[in-house]
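K.L.:
Contents of target_0.cif (mmCIF, C-alpha atoms) are below:
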data_upload
#
loop_
_atom_site.group_PDB
_atom_site.id
_atom_site.type_symbol
_atom_site.label_atom_id
_atom_site.label_comp_id
_atom_site.auth_asym_id
_atom_site.auth_seq_id
_atom_site.Cartn_x
_atom_site.Cartn_y
_atom_site.Cartn_z
ATOM 1 C CA MET A 1289 -2.870 35.339 -10.297
ATOM 2 C CA ARG A 1290 -1.262 32.554 -8.275
ATOM 3 C CA THR A 1291 -1.307 29.241 -10.149
ATOM 4 C CA GLN A 1292 0.475 27.058 -7.575
ATOM 5 C CA PRO A 1293 -0.287 26.342 -3.930
ATOM 6 C CA LEU A 1294 1.995 28.227 -1.566
ATOM 7 C CA TYR A 1295 3.943 25.128 -0.575
ATOM 8 C CA GLU A 1296 4.986 24.607 -4.206
ATOM 9 C CA GLN A 1297 5.460 28.278 -4.973
ATOM 10 C CA TYR A 1298 7.853 28.649 -2.043
ATOM 11 C CA ARG A 1299 9.527 25.260 -2.206
ATOM 12 C CA PRO A 1300 13.317 25.840 -1.898
ATOM 13 C CA LYS A 1301 15.132 25.827 -5.219
ATOM 14 C CA VAL A 1302 18.649 26.002 -3.739
ATOM 15 C CA TRP A 1303 20.311 24.393 -0.727
ATOM 16 C CA ALA A 1304 20.617 27.681 1.144
ATOM 17 C CA ASP A 1305 16.822 28.011 1.333
ATOM 18 C CA VAL A 1306 16.219 24.645 3.027
ATOM 19 C CA LEU A 1307 15.236 25.210 6.657
ATOM 20 C CA GLY A 1308 16.524 23.317 9.678
ATOM 21 C CA GLN A 1309 18.484 20.589 7.884
ATOM 22 C CA GLY A 1310 22.000 21.996 7.920
ATOM 23 C CA LYS A 1311 23.632 18.764 9.089
ATOM 24 C CA ILE A 1312 22.497 16.558 6.223
ATOM 25 C CA ILE A 1313 22.961 19.353 3.684
ATOM 26 C CA ARG A 1314 26.595 19.621 4.747
ATOM 27 C CA GLN A 1315 26.861 15.839 4.477
ATOM 28 C CA ILE A 1316 25.462 15.940 0.936
ATOM 29 C CA GLN A 1317 27.669 18.837 -0.140
ATOM 30 C CA ASP A 1318 30.789 17.230 1.339
ATOM 31 C CA LEU A 1319 29.990 14.029 -0.534
ATOM 32 C CA GLN A 1320 29.476 15.980 -3.738
ATOM 33 C CA LYS A 1321 32.879 17.658 -3.379
ATOM 34 C CA ARG A 1322 34.671 14.398 -2.647
ATOM 35 C CA SER A 1323 33.246 12.081 -5.264
ATOM 36 C CA GLY A 1324 29.948 13.376 -6.640
ATOM 37 C CA LEU A 1325 26.373 12.400 -5.849
ATOM 38 C CA ALA A 1326 25.663 9.970 -8.688
ATOM 39 C CA GLY A 1327 26.294 6.238 -8.629
ATOM 40 C CA ARG A 1328 24.587 5.967 -5.239
ATOM 41 C CA ALA A 1329 21.306 5.341 -3.460
ATOM 42 C CA TYR A 1330 19.955 7.574 -0.691
ATOM 43 C CA TRP A 1331 17.418 6.916 2.049
ATOM 44 C CA LEU A 1332 15.698 10.102 3.269
ATOM 45 C CA ALA A 1333 13.589 9.710 6.400
ATOM 46 C CA GLY A 1334 11.632 12.458 8.111
ATOM 47 C CA GLY A 1335 8.250 13.764 9.119
ATOM 48 C CA SER A 1336 5.618 14.907 6.652
ATOM 49 C CA GLY A 1337 6.177 18.392 5.295
ATOM 50 C CA GLN A 1338 9.696 18.712 6.713
ATOM 51 C CA GLY A 1339 11.699 18.700 3.481
ATOM 52 C CA LYS A 1340 12.188 15.141 2.226
ATOM 53 C CA THR A 1341 10.863 15.757 -1.284
ATOM 54 C CA THR A 1342 12.649 19.094 -1.516
ATOM 55 C CA ILE A 1343 15.994 17.557 -0.575
ATOM 56 C CA ALA A 1344 15.408 14.574 -2.879
ATOM 57 C CA ARG A 1345 14.718 16.924 -5.785
ATOM 58 C CA LEU A 1346 17.774 19.033 -5.019
ATOM 59 C CA ILE A 1347 19.993 15.933 -4.983
ATOM 60 C CA ALA A 1348 18.434 14.833 -8.261
ATOM 61 C CA ALA A 1349 18.936 18.271 -9.810
ATOM 62 C CA GLU A 1350 22.658 18.091 -9.078
ATOM 63 C CA ILE A 1351 22.824 14.931 -11.179
ATOM 64 C CA ALA A 1352 20.251 15.227 -13.945
ATOM 65 C CA ASP A 1353 18.276 17.702 -16.000
ATOM 66 C CA SER A 1354 14.564 17.823 -15.211
ATOM 67 C CA TRP A 1355 13.522 15.579 -18.106
ATOM 68 C CA TYR A 1356 15.606 12.781 -16.639
ATOM 69 C CA ILE A 1357 14.338 12.969 -13.065
ATOM 70 C CA GLU A 1358 11.505 10.532 -12.409
ATOM 71 C CA GLU A 1359 9.335 10.556 -9.288
ATOM 72 C CA ILE A 1360 7.566 7.306 -8.503
ATOM 73 C CA ASP A 1361 5.083 6.341 -5.803
ATOM 74 C CA ALA A 1362 6.801 3.317 -4.276
ATOM 75 C CA THR A 1363 3.464 1.722 -3.404
ATOM 76 C CA SER A 1364 2.695 1.428 -7.125
ATOM 77 C CA VAL A 1365 6.001 -0.137 -8.181
ATOM 78 C CA THR A 1366 5.475 -3.303 -10.218
ATOM 79 C CA ALA A 1367 7.676 -5.741 -12.087
ATOM 80 C CA VAL A 1368 7.005 -3.717 -15.243
ATOM 81 C CA THR A 1369 8.130 -0.524 -13.494
ATOM 82 C CA LEU A 1370 11.353 -2.171 -12.390
ATOM 83 C CA ARG A 1371 12.114 -3.596 -15.823
ATOM 84 C CA GLU A 1372 11.694 -0.122 -17.322
ATOM 85 C CA ILE A 1373 13.957 1.422 -14.666
ATOM 86 C CA GLU A 1374 16.576 -1.251 -15.299
ATOM 87 C CA ARG A 1375 16.390 -0.586 -19.039
ATOM 88 C CA VAL A 1376 16.653 3.224 -18.983
ATOM 89 C CA MET A 1377 19.138 3.564 -16.136
ATOM 90 C CA HIS A 1378 21.923 2.450 -18.471
ATOM 91 C CA ILE A 1379 21.112 5.253 -20.925
ATOM 92 C CA TYR A 1380 22.675 8.639 -20.307
ATOM 93 C CA GLY A 1381 20.430 11.654 -20.087
ATOM 94 C CA ALA A 1382 20.733 14.344 -22.721
ATOM 95 C CA GLY A 1383 21.591 17.914 -21.836
ATOM 96 C CA GLY A 1384 24.261 19.472 -19.694
ATOM 97 C CA LYS A 1385 24.286 17.001 -16.785
ATOM 98 C CA SER A 1386 23.815 13.659 -18.585
ATOM 99 C CA GLY A 1387 22.666 11.827 -15.450
ATOM 100 C CA ARG A 1388 19.408 10.206 -14.362
ATOM 101 C CA ALA A 1389 17.665 10.199 -10.986
ATOM 102 C CA PHE A 1390 14.795 8.118 -9.658
ATOM 103 C CA ILE A 1391 12.910 9.388 -6.594
ATOM 104 C CA LEU A 1392 10.882 6.681 -4.817
ATOM 105 C CA ASN A 1393 8.390 8.373 -2.493
ATOM 106 C CA GLU A 1394 6.673 6.494 0.374
ATOM 107 C CA ALA A 1395 9.445 3.913 0.176
ATOM 108 C CA HIS A 1396 8.087 1.969 3.163
ATOM 109 C CA GLY A 1397 5.263 0.925 0.806
ATOM 110 C CA LEU A 1398 7.487 -1.176 -1.449
ATOM 111 C CA ASN A 1399 6.279 -4.740 -1.805
ATOM 112 C CA LYS A 1400 8.442 -7.784 -1.186
ATOM 113 C CA ALA A 1401 9.144 -8.479 -4.862
ATOM 114 C CA ALA A 1402 10.182 -4.863 -5.476
ATOM 115 C CA VAL A 1403 12.514 -4.930 -2.462
ATOM 116 C CA ARG A 1404 14.194 -8.093 -3.754
ATOM 117 C CA GLN A 1405 14.705 -6.537 -7.189
ATOM 118 C CA PHE A 1406 16.054 -3.299 -5.739
ATOM 119 C CA LEU A 1407 18.610 -5.302 -3.759
ATOM 120 C CA ILE A 1408 19.989 -6.381 -7.125
ATOM 121 C CA LEU A 1409 19.655 -3.007 -8.862
ATOM 122 C CA LEU A 1410 21.421 -1.132 -6.091
ATOM 123 C CA GLU A 1411 24.455 -3.402 -6.442
ATOM 124 C CA GLN A 1412 24.932 -2.233 -10.023
ATOM 125 C CA ILE A 1413 24.006 1.450 -10.109
ATOM 126 C CA PRO A 1414 25.621 3.133 -13.131
ATOM 127 C CA HIS A 1415 27.957 5.969 -12.209
ATOM 128 C CA HIS A 1416 25.579 8.569 -13.747
ATOM 129 C CA VAL A 1417 22.450 7.411 -11.840
ATOM 130 C CA ALA A 1418 21.025 7.989 -8.359
ATOM 131 C CA PHE A 1419 18.129 6.362 -6.530
ATOM 132 C CA ILE A 1420 16.538 8.447 -3.770
ATOM 133 C CA PHE A 1421 14.066 6.781 -1.411
ATOM 134 C CA THR A 1422 11.892 8.928 0.855
ATOM 135 C CA THR A 1423 9.820 7.792 3.813
ATOM 136 C CA THR A 1424 8.098 9.122 6.908
ATOM 137 C CA CYS A 1425 9.189 6.032 8.862
ATOM 138 C CA GLU A 1426 12.259 6.085 11.060
ATOM 139 C CA ALA A 1427 14.795 3.504 9.974
ATOM 140 C CA GLN A 1428 14.327 1.244 12.988
ATOM 141 C CA GLU A 1429 10.584 1.173 12.276
ATOM 142 C CA VAL A 1430 10.732 0.338 8.573
ATOM 143 C CA PHE A 1431 9.317 -2.967 7.470
ATOM 144 C CA PHE A 1432 7.977 -3.677 4.035
ATOM 145 C CA GLU A 1433 5.107 -5.894 2.914
ATOM 146 C CA ASP A 1434 4.717 -9.070 4.979
ATOM 147 C CA LYS A 1435 7.143 -7.585 7.523
ATOM 148 C CA THR A 1436 10.048 -7.880 5.079
ATOM 149 C CA ASP A 1437 13.212 -6.671 6.820
ATOM 150 C CA ALA A 1438 14.305 -3.257 5.512
ATOM 151 C CA GLN A 1439 17.913 -3.502 6.669
ATOM 152 C CA PRO A 1440 19.348 -5.221 3.552
ATOM 153 C CA LEU A 1441 17.993 -2.378 1.411
ATOM 154 C CA LEU A 1442 19.002 0.316 3.899
ATOM 155 C CA SER A 1443 22.528 -1.077 3.990
ATOM 156 C CA ARG A 1444 22.847 -0.254 0.291
ATOM 157 C CA CYS A 1445 21.812 3.383 0.817
ATOM 158 C CA ILE A 1446 23.345 6.508 2.284
ATOM 159 C CA ARG A 1447 21.126 7.281 5.265
ATOM 160 C CA LEU A 1448 19.888 10.846 5.617
ATOM 161 C CA ASP A 1449 17.671 11.285 8.676
ATOM 162 C CA LEU A 1450 16.051 14.714 8.771
ATOM 163 C CA ALA A 1451 16.335 16.760 11.942
ATOM 164 C CA ARG A 1452 13.094 16.891 13.919
ATOM 165 C CA ARG A 1453 14.026 19.335 16.669
ATOM 166 C CA GLY A 1454 14.288 23.096 16.512
ATOM 167 C CA LEU A 1455 12.027 23.415 13.495
ATOM 168 C CA ALA A 1456 9.071 25.297 14.991
ATOM 169 C CA GLU A 1457 10.716 28.711 15.259
ATOM 170 C CA LEU A 1458 12.411 28.437 11.852
ATOM 171 C CA PHE A 1459 9.196 27.352 10.160
ATOM 172 C CA ALA A 1460 7.177 30.022 11.981
ATOM 173 C CA GLN A 1461 9.506 32.836 10.881
ATOM 174 C CA ARG A 1462 9.421 31.672 7.263
ATOM 175 C CA ALA A 1463 5.636 31.238 7.347
ATOM 176 C CA TYR A 1464 5.270 34.747 8.763
ATOM 177 C CA GLU A 1465 7.404 36.131 5.921
ATOM 178 C CA ILE A 1466 5.414 34.268 3.272
ATOM 179 C CA ALA A 1467 2.049 35.277 4.727
ATOM 180 C CA SER A 1468 3.157 38.911 4.845
ATOM 181 C CA LYS A 1469 4.381 38.827 1.262
ATOM 182 C CA GLU A 1470 1.135 37.266 0.071
ATOM 183 C CA GLY A 1471 -1.081 39.719 1.966
ATOM 184 C CA LEU A 1472 -2.396 36.954 4.209
ATOM 185 C CA ASN A 1473 -0.824 38.029 7.475
ATOM 186 C CA GLY A 1474 -2.799 39.315 10.406
ATOM 187 C CA ARG A 1475 -1.229 37.687 13.459
ATOM 188 C CA PRO A 1476 1.900 38.159 15.612
ATOM 189 C CA LEU A 1477 4.832 35.800 15.159
ATOM 190 C CA GLU A 1478 4.106 33.772 18.295
ATOM 191 C CA GLN A 1479 0.807 32.641 16.781
ATOM 192 C CA TYR A 1480 2.731 31.208 13.836
ATOM 193 C CA VAL A 1481 4.840 29.210 16.277
ATOM 194 C CA ARG A 1482 1.630 27.829 17.740
ATOM 195 C CA LEU A 1483 0.324 27.057 14.233
ATOM 196 C CA VAL A 1484 3.510 25.169 13.345
ATOM 197 C CA LYS A 1485 3.285 23.126 16.538
ATOM 198 C CA ASP A 1486 -0.409 22.425 15.918
ATOM 199 C CA CYS A 1487 0.596 21.149 12.469
ATOM 200 C CA ARG A 1488 3.314 18.948 14.021
ATOM 201 C CA ASN A 1489 6.093 20.788 12.170
ATOM 202 C CA ASN A 1490 4.488 19.996 8.818
ATOM 203 C CA PHE A 1491 5.405 23.113 6.836
ATOM 204 C CA ARG A 1492 3.206 22.126 3.912
ATOM 205 C CA ALA A 1493 0.201 21.959 6.253
ATOM 206 C CA VAL A 1494 1.186 25.332 7.742
ATOM 207 C CA LEU A 1495 1.199 26.996 4.320
ATOM 208 C CA GLN A 1496 -2.079 25.344 3.391
ATOM 209 C CA SER A 1497 -3.599 26.725 6.592
ATOM 210 C CA ILE A 1498 -2.277 30.212 5.782
ATOM 211 C CA GLU A 1499 -3.616 29.956 2.245
ATOM 212 C CA ASN A 1500 -7.025 29.092 3.689
ATOM 213 C CA GLY A 1501 -7.003 32.367 5.638
ATOM 214 C CA SER A 1502 -6.336 31.046 9.120
ATOM 215 C CA VAL A 1503 -3.987 33.885 10.075
ATOM 216 C CA LYS A 1504 -5.653 36.725 8.219
ATOM 217 C CA GLU A 1505 -7.753 39.156 10.245
#
Would you give me this structure, written as structure tokens?

P.N.:
Amino acid sequence: MRTQPLYEQYRPKVWADVLGQGKIIRQIQDLQKRSGLAGRAYWLAGGSGQGKTTIARLIAAEIADSWYIEEIDATSVTAVTLREIERVMHIYGAGGKSGRAFILNEAHGLNKAAVRQFLILLEQIPHHVAFIFTTTCEAQEVFFEDKTDAQPLLSRCIRLDLARRGLAELFAQRAYEIASKEGLNGRPLEQYVRLVKDCRNNFRAVLQSIENGSVKE
């Protein structure tokens, strides 16, 4: 019996399985070869369901074991949260990788006080730590609470803007394969392309629709 939704069950576990984002994956892998991925902050921007969380988790997994990867909803970050991050980020993780990673989802929701504190934290990232911010907002559109300018924070991050074009056919082919494997398929491939476009290239929404029986005869 399936215990996870399809979008989690089929979430890529390795770089080769990530669809449509070859450019930034090469950028990440080149950086890793040159000097490693830790000791940095990353800003991942892209549409919903297009791979931000997957890529953030894969970056984190290169640096830290799972116990030392923390995902945080940026809209809930408080002074207490930041003090705890500042405390633990100087402590090495146990296990084979010894690093730590903090994933800040919905980063455009950071409040002004949190942004100010992150400006300080990102100037002193330990060499075993990474911060990974994810957002659905394009960089030129990002403003924080009270229209706080995002550029000072962005300037401290490696920018990774997800590709938005050419995803429909890739997502449709993968969705077709998953639906067939799960016994949920009953439509030709072109109808999956239409489904992906209807879902605005949100692959999570596509898999949820398949799971709900939308393509099964």

K.L.:
Would you write out, as a VMD selection string, every residue that the PyMOL selection byres ((chain A and resi 1394-1408) around 10) captures in this file?

P.N.:
chain A and resid 1331 to 1333 1360 to 1367 1369 to 1371 1374 1391 to 1393 1409 to 1413 1419 to 1427 1429 to 1438 1440 to 1444

K.L.:
With C-alpha atoms retained, write the just-selected residues as a PDB file, keeping the file's coordinate frame.

P.N.:
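In the end it all went to again.pdb:
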ATOM      1  CA  TRP A1331      17.418   6.916   2.049  1.00  0.00           C
ATOM      2  CA  LEU A1332      15.698  10.102   3.269  1.00  0.00           C
ATOM      3  CA  ALA A1333      13.589   9.710   6.400  1.00  0.00           C
ATOM      4  CA  ILE A1360       7.566   7.306  -8.503  1.00  0.00           C
ATOM      5  CA  ASP A1361       5.083   6.341  -5.803  1.00  0.00           C
ATOM      6  CA  ALA A1362       6.801   3.317  -4.276  1.00  0.00           C
ATOM      7  CA  THR A1363       3.464   1.722  -3.404  1.00  0.00           C
ATOM      8  CA  SER A1364       2.695   1.428  -7.125  1.00  0.00           C
ATOM      9  CA  VAL A1365       6.001  -0.137  -8.181  1.00  0.00           C
ATOM     10  CA  THR A1366       5.475  -3.303 -10.218  1.00  0.00           C
ATOM     11  CA  ALA A1367       7.676  -5.741 -12.087  1.00  0.00           C
ATOM     12  CA  THR A1369       8.130  -0.524 -13.494  1.00  0.00           C
ATOM     13  CA  LEU A1370      11.353  -2.171 -12.390  1.00  0.00           C
ATOM     14  CA  ARG A1371      12.114  -3.596 -15.823  1.00  0.00           C
ATOM     15  CA  GLU A1374      16.576  -1.251 -15.299  1.00  0.00           C
ATOM     16  CA  ILE A1391      12.910   9.388  -6.594  1.00  0.00           C
ATOM     17  CA  LEU A1392      10.882   6.681  -4.817  1.00  0.00           C
ATOM     18  CA  ASN A1393       8.390   8.373  -2.493  1.00  0.00           C
ATOM     19  CA  LEU A1409      19.655  -3.007  -8.862  1.00  0.00           C
ATOM     20  CA  LEU A1410      21.421  -1.132  -6.091  1.00  0.00           C
ATOM     21  CA  GLU A1411      24.455  -3.402  -6.442  1.00  0.00           C
ATOM     22  CA  GLN A1412      24.932  -2.233 -10.023  1.00  0.00           C
ATOM     23  CA  ILE A1413      24.006   1.450 -10.109  1.00  0.00           C
ATOM     24  CA  PHE A1419      18.129   6.362  -6.530  1.00  0.00           C
ATOM     25  CA  ILE A1420      16.538   8.447  -3.770  1.00  0.00           C
ATOM     26  CA  PHE A1421      14.066   6.781  -1.411  1.00  0.00           C
ATOM     27  CA  THR A1422      11.892   8.928   0.855  1.00  0.00           C
ATOM     28  CA  THR A1423       9.820   7.792   3.813  1.00  0.00           C
ATOM     29  CA  THR A1424       8.098   9.122   6.908  1.00  0.00           C
ATOM     30  CA  CYS A1425       9.189   6.032   8.862  1.00  0.00           C
ATOM     31  CA  GLU A1426      12.259   6.085  11.060  1.00  0.00           C
ATOM     32  CA  ALA A1427      14.795   3.504   9.974  1.00  0.00           C
ATOM     33  CA  GLU A1429      10.584   1.173  12.276  1.00  0.00           C
ATOM     34  CA  VAL A1430      10.732   0.338   8.573  1.00  0.00           C
ATOM     35  CA  PHE A1431       9.317  -2.967   7.470  1.00  0.00           C
ATOM     36  CA  PHE A1432       7.977  -3.677   4.035  1.00  0.00           C
ATOM     37  CA  GLU A1433       5.107  -5.894   2.914  1.00  0.00           C
ATOM     38  CA  ASP A1434       4.717  -9.070   4.979  1.00  0.00           C
ATOM     39  CA  LYS A1435       7.143  -7.585   7.523  1.00  0.00           C
ATOM     40  CA  THR A1436      10.048  -7.880   5.079  1.00  0.00           C
ATOM     41  CA  ASP A1437      13.212  -6.671   6.820  1.00  0.00           C
ATOM     42  CA  ALA A1438      14.305  -3.257   5.512  1.00  0.00           C
ATOM     43  CA  PRO A1440      19.348  -5.221   3.552  1.00  0.00           C
ATOM     44  CA  LEU A1441      17.993  -2.378   1.411  1.00  0.00           C
ATOM     45  CA  LEU A1442      19.002   0.316   3.899  1.00  0.00           C
ATOM     46  CA  SER A1443      22.528  -1.077   3.990  1.00  0.00           C
ATOM     47  CA  ARG A1444      22.847  -0.254   0.291  1.00  0.00           C
TER      48      ARG A1444
END

K.L.:
Check what the PyMOL selection byres ((chain A and resi 1465-1478) around 9) selects in the file above and give those residues as a ChimeraX atom specification.

P.N.:
/A:1294,1298,1457,1460-1464,1479-1483,1495,1498-1499,1501-1505

K.L.:
Report the distance between atom CA of A:Gln1292 and atom CA of A:Ser1386 in Å, rounded to one decimal place.

P.N.:
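These atoms are spaced 29.1 Å apart.
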
K.L.:
Applied to the shown file, which residues does the PyMOL selection byres ((chain A and resi 1306-1315) around 7) return, written as a PDB file with C-alpha atoms, in the frame of the given file?

P.N.:
ATOM      1  CA  PRO A1300      13.317  25.840  -1.898  1.00  0.00           C
ATOM      2  CA  TRP A1303      20.311  24.393  -0.727  1.00  0.00           C
ATOM      3  CA  ALA A1304      20.617  27.681   1.144  1.00  0.00           C
ATOM      4  CA  ASP A1305      16.822  28.011   1.333  1.00  0.00           C
ATOM      5  CA  ILE A1316      25.462  15.940   0.936  1.00  0.00           C
ATOM      6  CA  GLN A1317      27.669  18.837  -0.140  1.00  0.00           C
ATOM      7  CA  ASP A1318      30.789  17.230   1.339  1.00  0.00           C
ATOM      8  CA  LEU A1319      29.990  14.029  -0.534  1.00  0.00           C
ATOM      9  CA  LEU A1448      19.888  10.846   5.617  1.00  0.00           C
ATOM     10  CA  LEU A1450      16.051  14.714   8.771  1.00  0.00           C
ATOM     11  CA  ALA A1451      16.335  16.760  11.942  1.00  0.00           C
ATOM     12  CA  LEU A1455      12.027  23.415  13.495  1.00  0.00           C
ATOM     13  CA  LEU A1458      12.411  28.437  11.852  1.00  0.00           C
TER      14      LEU A1458
END

K.L.:
Please measure the separation of atom CA of A:Gln1496 and atom CA of A:Phe1390, giving the value in Å to one decimal.

P.N.:
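Atom-to-atom, atom CA of A:Gln1496 to atom CA of A:Phe1390, that is 27.4 Å.
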
K.L.:
So the first atom is atom CA of A:Glu1358 and the second is atom CA of A:Arg1488; what is the distance between them in Å, to one decimal place?

P.N.:
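Taking atom CA of A:Glu1358 and atom CA of A:Arg1488, their separation equals 28.9 Å.
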
K.L.:
List every protein, DNA or RNA residue with an atom no more than 12 Å from (29.1, 13.1, -7.3) in the file's coordinates, counting only C-alpha atoms, and format the result as a list in words.

P.N.:
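Result, sorted by chain then residue number: Ile1316, Gln1317, Asp1318, Leu1319, Gln1320, Lys1321, Arg1322, Ser1323, Gly1324, Leu1325, Ala1326, Gly1327, Arg1328, Ala1329, Ile1347, Ala1348, Ala1349, Glu1350, Ile1351, Ala1352, Lys1385, Gly1387, His1415, His1416, Val1417 and Ala1418 of chain A.
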
K.L.:
Under the rule that all atoms listed in the file are counted, which of A:Lys1301, A:Arg1388, A:Arg1453, A:Arg1447 is the nearest residue to A:Lys1485?

P.N.:
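Using all atoms listed in the file, A:Lys1485 sits closest to A:Arg1453.
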